[in-house]
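Undergrad: So here's my_file_2.pdb (PDB, C-alpha atoms and all ligand atoms).
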ATOM      1  CA  MET Y   1      48.798 111.612  77.087
ATOM      2  CA  ARG Y   2      48.407 109.351  80.037
ATOM      3  CA  VAL Y   3      50.817 106.803  78.565
ATOM      4  CA  VAL Y   4      53.385 109.544  77.986
ATOM      5  CA  TRP Y   5      52.963 110.710  81.566
ATOM      6  CA  LEU Y   6      53.377 107.161  82.852
ATOM      7  CA  TRP Y   7      56.541 106.777  80.791
ATOM      8  CA  ALA Y   8      57.927 109.992  82.207
ATOM      9  CA  VAL Y   9      57.315 108.701  85.728
ATOM     10  CA  LEU Y  10      58.929 105.367  84.929
ATOM     11  CA  ALA Y  11      61.934 107.009  83.284
ATOM     12  CA  GLY Y  12      62.321 109.303  86.290
ATOM     13  CA  LEU Y  13      62.109 106.335  88.637
ATOM     14  CA  LEU Y  14      64.745 104.484  86.608
ATOM     15  CA  ALA Y  15      67.004 107.541  86.753
ATOM     16  CA  VAL Y  16      66.624 107.677  90.535
ATOM     17  CA  LEU Y  17      67.433 103.986  90.812
ATOM     18  CA  THR Y  18      70.404 104.051  88.475
ATOM     19  CA  GLY Y  19      71.933 107.492  88.902
ATOM     20  CA  PRO Y  20      71.579 110.940  87.419
ATOM     21  CA  ARG Y  21      71.547 109.874  83.763
ATOM     22  CA  ALA Y  22      69.224 107.673  81.758
ATOM     23  CA  MET Y  23      70.821 104.337  81.079
ATOM     24  CA  ASP Y  24      71.878 103.659  77.500
ATOM     25  CA  GLU Y  25      69.551 100.911  76.260
ATOM     26  CA  ASP Y  26      72.221  98.687  74.754
ATOM     27  CA  LEU Y  27      74.511  99.026  77.777
ATOM     28  CA  GLY Y  28      71.564  98.330  80.081
ATOM     29  CA  ARG Y  29      70.669  95.178  78.160
ATOM     30  CA  ARG Y  30      74.270  93.947  78.277
ATOM     31  CA  ALA Y  31      74.499  94.715  81.992
ATOM     32  CA  ARG Y  32      71.295  92.803  82.769
ATOM     33  CA  ALA Y  33      72.582  89.809  80.771
ATOM     34  CA  LEU Y  34      75.881  89.664  82.636
ATOM     35  CA  ILE Y  35      74.180  90.138  86.023
ATOM     36  CA  GLY Y  36      72.056  87.114  85.102
ATOM     37  CA  GLU Y  37      75.170  85.066  84.261
ATOM     38  CA  HIS Y  38      76.587  85.415  87.779
ATOM     39  CA  PRO Y  39      73.770  86.044  90.266
ATOM     40  CA  GLU Y  40      76.044  84.842  93.096
ATOM     41  CA  ILE Y  41      78.306  87.864  92.408
ATOM     42  CA  TRP Y  42      75.806  90.476  91.278
ATOM     43  CA  SER Y  43      72.631  89.886  93.247
ATOM     44  CA  GLY Y  44      71.866  93.358  94.650
ATOM     45  CA  ALA Y  45      74.449  94.968  92.343
ATOM     46  CA  ARG Y  46      74.530  98.737  91.852
ATOM     47  CA  THR Y  47      74.790 100.236  88.401
ATOM     48  CA  PHE Y  48      75.954 103.714  87.532
ATOM     49  CA  PRO Y  49      75.533 104.987  83.964
ATOM     50  CA  GLY Y  50      78.121 107.247  82.402
ATOM     51  CA  GLU Y  51      77.695 108.979  79.059
ATOM     52  CA  ARG Y  52      79.654 106.328  77.144
ATOM     53  CA  SER Y  53      79.932 103.550  79.723
ATOM     54  CA  LEU Y  54      78.060 101.725  82.441
ATOM     55  CA  VAL Y  55      79.621 100.739  85.751
ATOM     56  CA  VAL Y  56      78.308  97.660  87.542
ATOM     57  CA  GLY Y  57      79.397  97.569  91.176
ATOM     58  CA  ALA Y  58      79.174  94.860  93.785
ATOM     59  CA  PRO Y  59      76.294  95.080  96.264
ATOM     60  CA  GLY Y  60      77.135  97.707  98.867
ATOM     61  CA  ALA Y  61      79.630  99.573  96.643
ATOM     62  CA  ALA Y  62      79.800 103.279  97.444
ATOM     63  CA  VAL Y  63      77.900 105.342  94.867
ATOM     64  CA  ALA Y  64      80.665 108.000  94.942
ATOM     65  CA  ASP Y  65      83.238 105.335  93.900
ATOM     66  CA  LEU Y  66      81.026 104.115  91.046
ATOM     67  CA  ALA Y  67      80.395 107.691  89.898
ATOM     68  CA  ASP Y  68      84.139 108.400  89.918
ATOM     69  CA  LEU Y  69      84.772 105.255  87.889
ATOM     70  CA  ALA Y  70      82.016 106.169  85.385
ATOM     71  CA  ARG Y  71      83.603 109.607  84.897
ATOM     72  CA  ARG Y  72      87.026 108.052  84.319
ATOM     73  CA  ALA Y  73      85.607 105.367  81.998
ATOM     74  CA  ASP Y  74      83.797 108.064  79.971
ATOM     75  CA  ARG Y  75      86.995 110.090  79.608
ATOM     76  CA  ALA Y  76      88.982 106.992  78.629
ATOM     77  CA  SER Y  77      86.289 105.950  76.114
ATOM     78  CA  ALA Y  78      86.366 109.419  74.521
ATOM     79  CA  LEU Y  79      90.158 109.169  74.180
ATOM     80  CA  VAL Y  80      89.937 105.674  72.681
ATOM     81  CA  ALA Y  81      87.229 106.891  70.284
ATOM     82  CA  ARG Y  82      89.576 109.608  69.004
ATOM     83  CA  VAL Y  83      92.418 107.150  68.303
ATOM     84  CA  VAL Y  84      90.686 103.852  67.523
ATOM     85  CA  GLY Y  85      86.932 104.270  67.139
ATOM     86  CA  PRO Y  86      83.683 104.407  69.129
ATOM     87  CA  VAL Y  87      83.386 102.111  72.141
ATOM     88  CA  ARG Y  88      80.822 101.709  74.919
ATOM     89  CA  PRO Y  89      82.243  99.534  77.655
ATOM     90  CA  LEU Y  90      80.730  97.933  80.704
ATOM     91  CA  VAL Y  91      83.006  98.347  83.721
ATOM     92  CA  LEU Y  92      82.569  95.594  86.297
ATOM     93  CA  VAL Y  93      83.705  96.085  89.875
ATOM     94  CA  PRO Y  94      83.250  92.873  91.870
ATOM     95  CA  ALA Y  95      83.837  92.838  95.632
ATOM     96  CA  THR Y  96      86.837  90.490  95.703
ATOM     97  CA  THR Y  97      89.864  89.329  93.723
ATOM     98  CA  ALA Y  98      88.387  85.814  93.597
ATOM     99  CA  GLN Y  99      85.208  87.164  91.956
ATOM    100  CA  ALA Y 100      87.302  89.158  89.454
ATOM    101  CA  ALA Y 101      89.103  85.908  88.590
ATOM    102  CA  VAL Y 102      85.761  84.153  87.961
ATOM    103  CA  LEU Y 103      84.555  87.008  85.717
ATOM    104  CA  ALA Y 104      87.845  87.226  83.773
ATOM    105  CA  ALA Y 105      88.359  83.471  83.225
ATOM    106  CA  PRO Y 106      90.002  82.036  81.187
ATOM    107  CA  ALA Y 107      92.144  85.226  81.295
ATOM    108  CA  SER Y 108      94.152  85.664  84.495
ATOM    109  CA  VAL Y 109      93.854  88.713  86.761
ATOM    110  CA  ASN Y 110      97.052  87.750  88.586
ATOM    111  CA  GLY Y 111      99.113  90.906  89.204
ATOM    112  CA  LEU Y 112      96.811  93.084  87.053
ATOM    113  CA  ALA Y 113      94.574  95.988  88.085
ATOM    114  CA  ALA Y 114      92.010  95.217  85.360
ATOM    115  CA  VAL Y 115      91.404  92.855  82.445
ATOM    116  CA  ALA Y 116      89.452  93.405  79.217
ATOM    117  CA  GLY Y 117      86.838  91.005  77.866
ATOM    118  CA  ALA Y 118      85.139  91.419  74.505
ATOM    119  CA  ASP Y 119      82.906  94.308  75.651
ATOM    120  CA  ARG Y 120      83.785  94.805  79.312
ATOM    121  CA  VAL Y 121      86.531  95.837  81.685
ATOM    122  CA  ILE Y 122      86.811  93.649  84.767
ATOM    123  CA  VAL Y 123      88.383  95.560  87.650
ATOM    124  CA  GLU Y 124      90.497  93.641  90.178
ATOM    125  CA  PRO Y 125      89.324  95.687  93.159
ATOM    126  CA  ARG Y 126      92.384  95.315  95.410
ATOM    127  CA  SER Y 127      95.068  96.185  92.829
ATOM    128  CA  PHE Y 128      92.925  98.940  91.274
ATOM    129  CA  ALA Y 129      92.402 100.607  94.663
ATOM    130  CA  ARG Y 130      96.180 100.925  95.076
ATOM    131  CA  LEU Y 131      96.576 102.960  91.855
ATOM    132  CA  SER Y 132      96.829 106.750  91.708
ATOM    133  CA  GLY Y 133      94.222 108.710  89.763
ATOM    134  CA  VAL Y 134      96.510 108.905  86.737
ATOM    135  CA  GLY Y 135      97.231 105.177  87.065
ATOM    136  CA  ARG Y 136      93.491 104.408  87.026
ATOM    137  CA  ASP Y 137      92.984 106.525  83.921
ATOM    138  CA  VAL Y 138      95.891 104.820  82.132
ATOM    139  CA  VAL Y 139      94.620 101.334  83.025
ATOM    140  CA  LEU Y 140      91.057 102.125  81.910
ATOM    141  CA  ALA Y 141      92.196 103.614  78.577
ATOM    142  CA  HIS Y 142      94.483 100.587  78.068
ATOM    143  CA  GLU Y 143      91.683  98.066  78.663
ATOM    144  CA  ILE Y 144      89.070 100.039  76.708
ATOM    145  CA  THR Y 145      91.517 100.158  73.768
ATOM    146  CA  HIS Y 146      91.571  96.339  73.880
ATOM    147  CA  ILE Y 147      87.759  96.369  73.642
ATOM    148  CA  ALA Y 148      87.752  98.828  70.716
ATOM    149  CA  THR Y 149      90.349  96.793  68.777
ATOM    150  CA  GLY Y 150      88.684  93.446  69.549
ATOM    151  CA  ALA Y 151      91.845  92.127  71.247
ATOM    152  CA  ALA Y 152      89.979  89.444  73.224
ATOM    153  CA  LEU Y 153      89.084  87.632  69.985
ATOM    154  CA  ASP Y 154      92.329  88.359  68.152
ATOM    155  CA  GLY Y 155      94.976  85.644  68.210
ATOM    156  CA  GLY Y 156      96.877  86.855  65.138
ATOM    157  CA  THR Y 157      98.310  90.277  66.039
ATOM    158  CA  PRO Y 158     101.726  90.092  67.769
ATOM    159  CA  LYS Y 159     101.361  90.544  71.510
ATOM    160  CA  TRP Y 160     103.843  93.447  71.629
ATOM    161  CA  LEU Y 161     101.620  95.356  69.204
ATOM    162  CA  VAL Y 162      98.405  94.526  71.104
ATOM    163  CA  GLU Y 163      99.816  95.573  74.486
ATOM    164  CA  GLY Y 164     102.002  98.377  73.150
ATOM    165  CA  PHE Y 165      99.097  99.972  71.291
ATOM    166  CA  ALA Y 166      96.868  99.769  74.387
ATOM    167  CA  ASP Y 167      99.604 101.433  76.472
ATOM    168  CA  TYR Y 168     100.197 103.996  73.732
ATOM    169  CA  VAL Y 169      96.552 105.108  74.045
ATOM    170  CA  GLY Y 170      96.673 104.687  77.840
ATOM    171  CA  TYR Y 171      99.628 107.049  78.261
ATOM    172  CA  ARG Y 172      98.847 109.305  75.293
ATOM    173  CA  ASP Y 173      97.385 112.187  77.297
ATOM    174  CA  ALA Y 174      98.562 111.158  80.782
ATOM    175  CA  GLY Y 175     101.541 113.529  80.908
ATOM    176  CA  VAL Y 176     103.803 110.910  82.506
ATOM    177  CA  PRO Y 177     107.483 111.216  81.443
ATOM    178  CA  ALA Y 178     108.853 108.161  79.598
ATOM    179  CA  ARG Y 179     111.505 107.485  82.227
ATOM    180  CA  ARG Y 180     108.815 107.211  84.876
ATOM    181  CA  ALA Y 181     106.259 105.277  82.816
ATOM    182  CA  ALA Y 182     109.034 102.831  81.816
ATOM    183  CA  ALA Y 183     110.942 102.896  85.114
ATOM    184  CA  GLU Y 184     111.998  99.217  85.129
ATOM    185  CA  LEU Y 185     113.310  99.308  81.568
ATOM    186  CA  ALA Y 186     114.995 102.665  82.184
ATOM    187  CA  GLY Y 187     116.910 101.080  85.081
ATOM    188  CA  GLU Y 188     118.210  98.359  82.762
ATOM    189  CA  VAL Y 189     119.134 100.819  80.012
ATOM    190  CA  ARG Y 190     121.017 103.051  82.464
ATOM    191  CA  ALA Y 191     122.902  99.939  83.635
ATOM    192  CA  GLY Y 192     123.979  99.372  80.023
ATOM    193  CA  ARG Y 193     121.467  96.630  79.162
ATOM    194  CA  LEU Y 194     119.532  97.623  76.035
ATOM    195  CA  PRO Y 195     116.852  95.133  74.922
ATOM    196  CA  VAL Y 196     117.910  93.096  71.889
ATOM    197  CA  ALA Y 197     114.558  92.011  70.441
ATOM    198  CA  LEU Y 198     110.899  92.956  70.737
ATOM    199  CA  PRO Y 199     109.187  90.969  73.498
ATOM    200  CA  GLY Y 200     107.576  87.683  72.446
ATOM    201  CA  ARG Y 201     104.224  86.307  73.616
ATOM    202  CA  ASP Y 202     105.755  84.482  76.626
ATOM    203  CA  ALA Y 203     107.211  87.716  77.988
ATOM    204  CA  PHE Y 204     103.624  88.876  78.714
ATOM    205  CA  ALA Y 205     102.597  85.743  80.635
ATOM    206  CA  ALA Y 206     101.579  86.270  84.278
ATOM    207  CA  GLY Y 207     104.630  85.732  86.482
ATOM    208  CA  SER Y 208     107.135  86.419  83.688
ATOM    209  CA  ALA Y 209     110.410  87.709  85.186
ATOM    210  CA  ARG Y 210     110.495  90.853  83.006
ATOM    211  CA  LEU Y 211     106.747  91.430  82.710
ATOM    212  CA  ALA Y 212     106.941  95.180  83.415
ATOM    213  CA  GLN Y 213     109.825  95.593  80.982
ATOM    214  CA  ALA Y 214     107.923  93.688  78.267
ATOM    215  CA  TYR Y 215     105.014  96.158  78.502
ATOM    216  CA  GLU Y 216     107.436  99.089  78.508
ATOM    217  CA  GLU Y 217     109.328  97.784  75.464
ATOM    218  CA  ALA Y 218     106.047  97.274  73.611
ATOM    219  CA  TRP Y 219     104.788 100.719  74.596
ATOM    220  CA  LEU Y 220     107.949 102.409  73.317
ATOM    221  CA  ALA Y 221     107.780 100.477  70.028
ATOM    222  CA  CYS Y 222     104.286 101.881  69.401
ATOM    223  CA  ARG Y 223     105.220 105.343  70.680
ATOM    224  CA  TYR Y 224     108.132 105.326  68.250
ATOM    225  CA  VAL Y 225     105.821 104.506  65.327
ATOM    226  CA  ALA Y 226     103.306 107.205  66.287
ATOM    227  CA  GLY Y 227     106.062 109.773  66.873
ATOM    228  CA  ARG Y 228     107.919 109.170  63.635
ATOM    229  CA  PHE Y 229     105.164 108.089  61.227
ATOM    230  CA  GLY Y 230     102.024 109.451  62.908
ATOM    231  CA  GLU Y 231      99.178 107.977  64.872
ATOM    232  CA  ARG Y 232      97.328 106.907  61.740
ATOM    233  CA  ALA Y 233     100.335 104.820  60.644
ATOM    234  CA  LEU Y 234     100.309 103.102  64.042
ATOM    235  CA  SER Y 235      96.617 102.245  63.638
ATOM    236  CA  THR Y 236      97.269 100.992  60.096
ATOM    237  CA  LEU Y 237     100.192  98.851  61.277
ATOM    238  CA  TYR Y 238      97.921  97.327  63.920
ATOM    239  CA  ARG Y 239      95.173  96.583  61.426
ATOM    240  CA  GLU Y 240      97.567  95.177  58.822
ATOM    241  CA  SER Y 241      99.203  92.888  61.411
ATOM    242  CA  ARG Y 242      95.922  91.158  62.307
ATOM    243  CA  GLY Y 243      96.661  88.185  60.106
ATOM    244  CA  GLY Y 244      99.941  87.637  61.979
ATOM    245  CA  ASP Y 245     102.274  88.651  59.125
ATOM    246  CA  VAL Y 246     104.038  91.534  60.848
ATOM    247  CA  ARG Y 247     106.870  91.487  58.273
ATOM    248  CA  ALA Y 248     104.444  92.347  55.475
ATOM    249  CA  ALA Y 249     102.644  94.892  57.677
ATOM    250  CA  LEU Y 250     105.909  96.678  58.592
ATOM    251  CA  SER Y 251     106.964  96.722  54.968
ATOM    252  CA  ARG Y 252     103.612  98.033  53.660
ATOM    253  CA  THR Y 253     103.003 100.563  56.427
ATOM    254  CA  LEU Y 254     106.482 101.830  57.390
ATOM    255  CA  ARG Y 255     108.634 100.597  54.481
ATOM    256  CA  MET Y 256     110.874  98.840  57.010
ATOM    257  CA  SER Y 257     112.083  95.257  57.451
ATOM    258  CA  PRO Y 258     111.753  93.644  60.914
ATOM    259  CA  ALA Y 259     115.531  94.092  61.420
ATOM    260  CA  GLU Y 260     115.365  97.788  60.483
ATOM    261  CA  PHE Y 261     112.371  98.280  62.761
ATOM    262  CA  THR Y 262     114.102  96.544  65.678
ATOM    263  CA  ALA Y 263     117.248  98.645  65.208
ATOM    264  CA  ALA Y 264     115.222 101.890  65.064
ATOM    265  CA  TRP Y 265     113.230 100.872  68.154
ATOM    266  CA  ARG Y 266     116.422 100.088  70.122
ATOM    267  CA  GLU Y 267     117.838 103.488  69.231
ATOM    268  CA  TYR Y 268     114.577 105.117  70.337
ATOM    269  CA  VAL Y 269     114.635 103.205  73.650
ATOM    270  CA  ARG Y 270     118.212 104.344  74.283
ATOM    271  CA  ASP Y 271     117.295 107.920  73.361
ATOM    272  CA  GLN Y 272     114.143 108.037  75.527
ATOM    273  CA  LEU Y 273     115.451 106.184  78.611
ATOM    274  CA  GLY Y 274     119.249 106.441  78.532
TER
HETATM  275 ZN    ZN Y 301      96.598  94.717  77.884
END
Rewrite the coordinates I just gave you, this time as structure tokens.
Ligand SMILES: [Zn+2]
TA:
Amino acid sequence: MRVVWLWAVLAGLLAVLTGPRAMDEDLGRRARALIGEHPEIWSGARTFPGERSLVVGAPGAAVADLADLARRADRASALVARVVGPVRPLVLVPATTAQAAVLAAPASVNGLAAVAGADRVIVEPRSFARLSGVGRDVVLAHEITHIATGAALDGGTPKWLVEGFADYVGYRDAGVPARRAAAELAGEVRAGRLPVALPGRDAFAAGSARLAQAYEEAWLACRYVAGRFGERALSTLYRESRGGDVRAALSRTLRMSPAEFTAAWREYVRDQLG
């Protein structure tokens, strides 16, 4: 009886310290481990548990901001769970861009609002703060999709499929018209320049001249697959492409050759953005 009472007090105390909800044990363990990896960044950190996520904020972070992020991360995780599968991310919000770079390394945060690791989203605080509410939701769903698909440890799947699928989930319920979500590519298409080939790996490198267009091309390729063949076919195509043989995956999943797929995608791009 006494032990139970003591536990209740401790659990209540933990809830007061961490927010309104009890912290998921696994998420809590992972958070403590990562705080221990970088005490120079996280000493005095604030955590805020969501229902499906846990936000770790820099010391001094406003609780209202962390709560807002936990709500958005929960919503994004629920969306990702519907399309991909269950996921429980940590969302890290360091105080500075330099700290985000340390946490994301060897991945680059250059020009990005957030980056996904194996089980965590690392927020680049300056870029993220400039996003609208819808933009934040899209970015979180994009990065949490990467976590659910294991993108950080996947070198085989073509980059256009990895990024396009993440943007497909990101924009799925956002209600943003294609011409606005793919504004840079739409400008090119209206000027009579239709992309010729799906973007290669280099097109997604930080500092690439057509970085925005590469993401938009990839997004529309995946949106085309989901629209014509269904969301399940898109997921199957992703899974089947893991080994790197996209020709075989396209053939098995969509009964299309790479040339047929490229032609259909170009037509879709013209139709959606022209
Ligand atoms: Zn991505």
Undergrad: Give one line per residue of chain Y that approaches ligand ZN 301 (chain Y) to at most 10 Å, naming the two atoms of the closest pair and their distance in Å to one decimal, counting only C-alpha atoms and all ligand atoms; sort by chain then ascending residue number and deliver it as a tab-separated table.
TA:
residue	atom	partner	partner_atom	distance
Y:Leu112	CA	Y:ZN301	ZN	9.3
Y:Ala114	CA	Y:ZN301	ZN	8.8
Y:Val115	CA	Y:ZN301	ZN	7.2
Y:Ala116	CA	Y:ZN301	ZN	7.4
Y:Val139	CA	Y:ZN301	ZN	8.6
Y:Ala141	CA	Y:ZN301	ZN	10.0
Y:His142	CA	Y:ZN301	ZN	6.2
Y:Glu143	CA	Y:ZN301	ZN	6.0
Y:Ile144	CA	Y:ZN301	ZN	9.3
Y:Thr145	CA	Y:ZN301	ZN	8.5
Y:His146	CA	Y:ZN301	ZN	6.6
Y:Ile147	CA	Y:ZN301	ZN	9.9
Y:Ala151	CA	Y:ZN301	ZN	8.6
Y:Ala152	CA	Y:ZN301	ZN	9.7
Y:Lys159	CA	Y:ZN301	ZN	9.0
Y:Trp160	CA	Y:ZN301	ZN	9.7
Y:Val162	CA	Y:ZN301	ZN	7.0
Y:Glu163	CA	Y:ZN301	ZN	4.8
Y:Gly164	CA	Y:ZN301	ZN	8.1
Y:Phe165	CA	Y:ZN301	ZN	8.8
Y:Ala166	CA	Y:ZN301	ZN	6.2
Y:Asp167	CA	Y:ZN301	ZN	7.5
Y:Gly170	CA	Y:ZN301	ZN	10.0
Y:Phe204	CA	Y:ZN301	ZN	9.2
Y:Tyr215	CA	Y:ZN301	ZN	8.6
Undergrad: I need the residue nearest Arg193 (chain Y) from this list: Y:Arg130, Y:Arg239, Y:Arg52, Y:Arg270. Use only C-alpha atoms for the distance.
TA: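 Smallest distance to Arg193 (chain Y) is found for Y:Arg270.
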Undergrad: What is the distance between CA of Trp219 (chain Y) and CA of Pro89 (chain Y), in Å to one decimal?
TA: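 Computed distance, CA of Trp219 (chain Y) to CA of Pro89 (chain Y), equals 22.8 Å.
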Undergrad: So which one's closest to Glu216 (chain Y), Y:Arg75, Y:Tyr238, Y:Leu273, Y:Leu254? Using only C-alpha atoms, please.
TA: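 Using only C-alpha atoms, Glu216 (chain Y) sits closest to Y:Leu273.
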Undergrad: Can you tell me, as a list of chain:residue names, what residues are no more than 7 Å from Gly50 (chain Y) when counting all atoms listed in the file, ignoring any on the same chain fewer than 3 positions away?
TA: Y:Ser53, Y:Leu54, Y:Ala70, Y:Arg71, Y:Asp74
Undergrad: Grab the CA of Asp173 (chain Y) to CA of Gly28 (chain Y) distance for me, in Å with one decimal place.
TA: 29.4 Å
Undergrad: Could you expand the PyMOL selection byres (((chain Y and resi 68) around 12) and not hetatm) into the explicit residues it covers here, written as a PyMOL selection string?
TA: chain Y and resi 48-50+54-55+57+61-67+69-75+91+133+136-137
Undergrad: Give as an MDAnalysis selection string each residue that has an atom at most 12 Å from (106.0, 93.0, 85.7) in the file, counting all atoms listed in the file.
TA: chainID Y and resid 110:112 182:185 203:217
Undergrad: Output the selection as a PDB file, in the frame of the given file - C-alpha atoms for each residue.
TA:
ATOM      1  CA  ASN Y 110      97.052  87.750  88.586  1.00  0.00           C
ATOM      2  CA  GLY Y 111      99.113  90.906  89.204  1.00  0.00           C
ATOM      3  CA  LEU Y 112      96.811  93.084  87.053  1.00  0.00           C
ATOM      4  CA  ALA Y 182     109.034 102.831  81.816  1.00  0.00           C
ATOM      5  CA  ALA Y 183     110.942 102.896  85.114  1.00  0.00           C
ATOM      6  CA  GLU Y 184     111.998  99.217  85.129  1.00  0.00           C
ATOM      7  CA  LEU Y 185     113.310  99.308  81.568  1.00  0.00           C
ATOM      8  CA  ALA Y 203     107.211  87.716  77.988  1.00  0.00           C
ATOM      9  CA  PHE Y 204     103.624  88.876  78.714  1.00  0.00           C
ATOM     10  CA  ALA Y 205     102.597  85.743  80.635  1.00  0.00           C
ATOM     11  CA  ALA Y 206     101.579  86.270  84.278  1.00  0.00           C
ATOM     12  CA  GLY Y 207     104.630  85.732  86.482  1.00  0.00           C
ATOM     13  CA  SER Y 208     107.135  86.419  83.688  1.00  0.00           C
ATOM     14  CA  ALA Y 209     110.410  87.709  85.186  1.00  0.00           C
ATOM     15  CA  ARG Y 210     110.495  90.853  83.006  1.00  0.00           C
ATOM     16  CA  LEU Y 211     106.747  91.430  82.710  1.00  0.00           C
ATOM     17  CA  ALA Y 212     106.941  95.180  83.415  1.00  0.00           C
ATOM     18  CA  GLN Y 213     109.825  95.593  80.982  1.00  0.00           C
ATOM     19  CA  ALA Y 214     107.923  93.688  78.267  1.00  0.00           C
ATOM     20  CA  TYR Y 215     105.014  96.158  78.502  1.00  0.00           C
ATOM     21  CA  GLU Y 216     107.436  99.089  78.508  1.00  0.00           C
ATOM     22  CA  GLU Y 217     109.328  97.784  75.464  1.00  0.00           C
TER      23      GLU Y 217
END
Undergrad: I'd like the interatomic distance between CA of Ile35 (chain Y) and CA of Val109 (chain Y), to a tenth of an Å.
TA: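 Computing the Euclidean distance for CA of Ile35 (chain Y) and CA of Val109 (chain Y) yields 19.7 Å.
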Undergrad: Once 5 Å is added on each side, what are the centre and the three edge lengths, in Å to one decimal, of the axis-aligned box enclosing the listed atoms of region 210-217 of chain Y? Present them as JSON.
TA:
{"center_x": 107.8, "center_y": 95.0, "center_z": 79.4, "size_x": 15.5, "size_y": 18.2, "size_z": 18.0}
Undergrad: Between Y:Gly274, Y:Glu40, Y:Leu153, Y:Val123, which one has atoms that come closest to Ala191 (chain Y), using all atoms listed in the file?
TA: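 Ranking Y:Gly274, Y:Glu40, Y:Leu153, Y:Val123 by distance to Ala191 (chain Y), first place goes to Y:Gly274.
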Undergrad: Check the smallest atom-to-atom distance from each of Y:Glu37, Y:Glu267, Y:Glu51, Y:Asp202 to Val102 (chain Y) using all atoms listed in the file, then report the winner.
TA: Y:Glu37
Undergrad: Give me, as number ranges by chain, all polymer residues having an atom no more than 10 Å from Ser235 (chain Y), counting all atoms listed in the file and skipping those fewer than 6 positions away in the same chain.
TA: Y: 83-84, 149, 165, 222, 225-226, 241, 253
Undergrad: For Val93 (chain Y), which residue among Y:Pro258, Y:Pro59, Y:Gly150, Y:Gly135 is the nearest when counting only C-alpha atoms?
TA: Y:Pro59
Undergrad: Please provide as a list of chain:residue names all residues within 12 Å of His38 (chain Y), with the sequence filter that same-chain residues fewer than 2 positions apart are discarded (counting only C-alpha atoms).
TA: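 My reading of the contact set: Y:Ala31, Y:Arg32, Y:Ala33, Y:Leu34, Y:Ile35, Y:Gly36, Y:Glu40, Y:Ile41, Y:Trp42, Y:Ser43, Y:Gly44, Y:Ala45, Y:Ala58, Y:Leu92, Y:Pro94, Y:Gln99, Y:Ala100, Y:Val102, Y:Leu103.
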Undergrad: Identify all residues satisfying the PyMOL selection byres (((chain Y and resi 263-266) around 10) and not hetatm) in the given file; provide them as a PyMOL selection string.
TA: chain Y and resi 194-198+217-218+220-225+256-262+267-272
Undergrad: Suppose we keep C-alpha atoms; can you now write the selection as a PDB file, keeping the file's coordinate frame?
TA:
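As written to disk, out-v1.pdb reads:
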ATOM      1  CA  LEU Y 194     119.532  97.623  76.035  1.00  0.00           C
ATOM      2  CA  PRO Y 195     116.852  95.133  74.922  1.00  0.00           C
ATOM      3  CA  VAL Y 196     117.910  93.096  71.889  1.00  0.00           C
ATOM      4  CA  ALA Y 197     114.558  92.011  70.441  1.00  0.00           C
ATOM      5  CA  LEU Y 198     110.899  92.956  70.737  1.00  0.00           C
ATOM      6  CA  GLU Y 217     109.328  97.784  75.464  1.00  0.00           C
ATOM      7  CA  ALA Y 218     106.047  97.274  73.611  1.00  0.00           C
ATOM      8  CA  LEU Y 220     107.949 102.409  73.317  1.00  0.00           C
ATOM      9  CA  ALA Y 221     107.780 100.477  70.028  1.00  0.00           C
ATOM     10  CA  CYS Y 222     104.286 101.881  69.401  1.00  0.00           C
ATOM     11  CA  ARG Y 223     105.220 105.343  70.680  1.00  0.00           C
ATOM     12  CA  TYR Y 224     108.132 105.326  68.250  1.00  0.00           C
ATOM     13  CA  VAL Y 225     105.821 104.506  65.327  1.00  0.00           C
ATOM     14  CA  MET Y 256     110.874  98.840  57.010  1.00  0.00           C
ATOM     15  CA  SER Y 257     112.083  95.257  57.451  1.00  0.00           C
ATOM     16  CA  PRO Y 258     111.753  93.644  60.914  1.00  0.00           C
ATOM     17  CA  ALA Y 259     115.531  94.092  61.420  1.00  0.00           C
ATOM     18  CA  GLU Y 260     115.365  97.788  60.483  1.00  0.00           C
ATOM     19  CA  PHE Y 261     112.371  98.280  62.761  1.00  0.00           C
ATOM     20  CA  THR Y 262     114.102  96.544  65.678  1.00  0.00           C
ATOM     21  CA  GLU Y 267     117.838 103.488  69.231  1.00  0.00           C
ATOM     22  CA  TYR Y 268     114.577 105.117  70.337  1.00  0.00           C
ATOM     23  CA  VAL Y 269     114.635 103.205  73.650  1.00  0.00           C
ATOM     24  CA  ARG Y 270     118.212 104.344  74.283  1.00  0.00           C
ATOM     25  CA  ASP Y 271     117.295 107.920  73.361  1.00  0.00           C
ATOM     26  CA  GLN Y 272     114.143 108.037  75.527  1.00  0.00           C
TER      27      GLN Y 272
END
Undergrad: Out of Y:Ala95, Y:Asp154, Y:Leu234, Y:Ala78, which residue has the shortest atom-to-atom distance to Ala129 (chain Y) when counting all atoms listed in the file?
TA: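 Smallest separation from Ala129 (chain Y) among the options: Y:Ala95.
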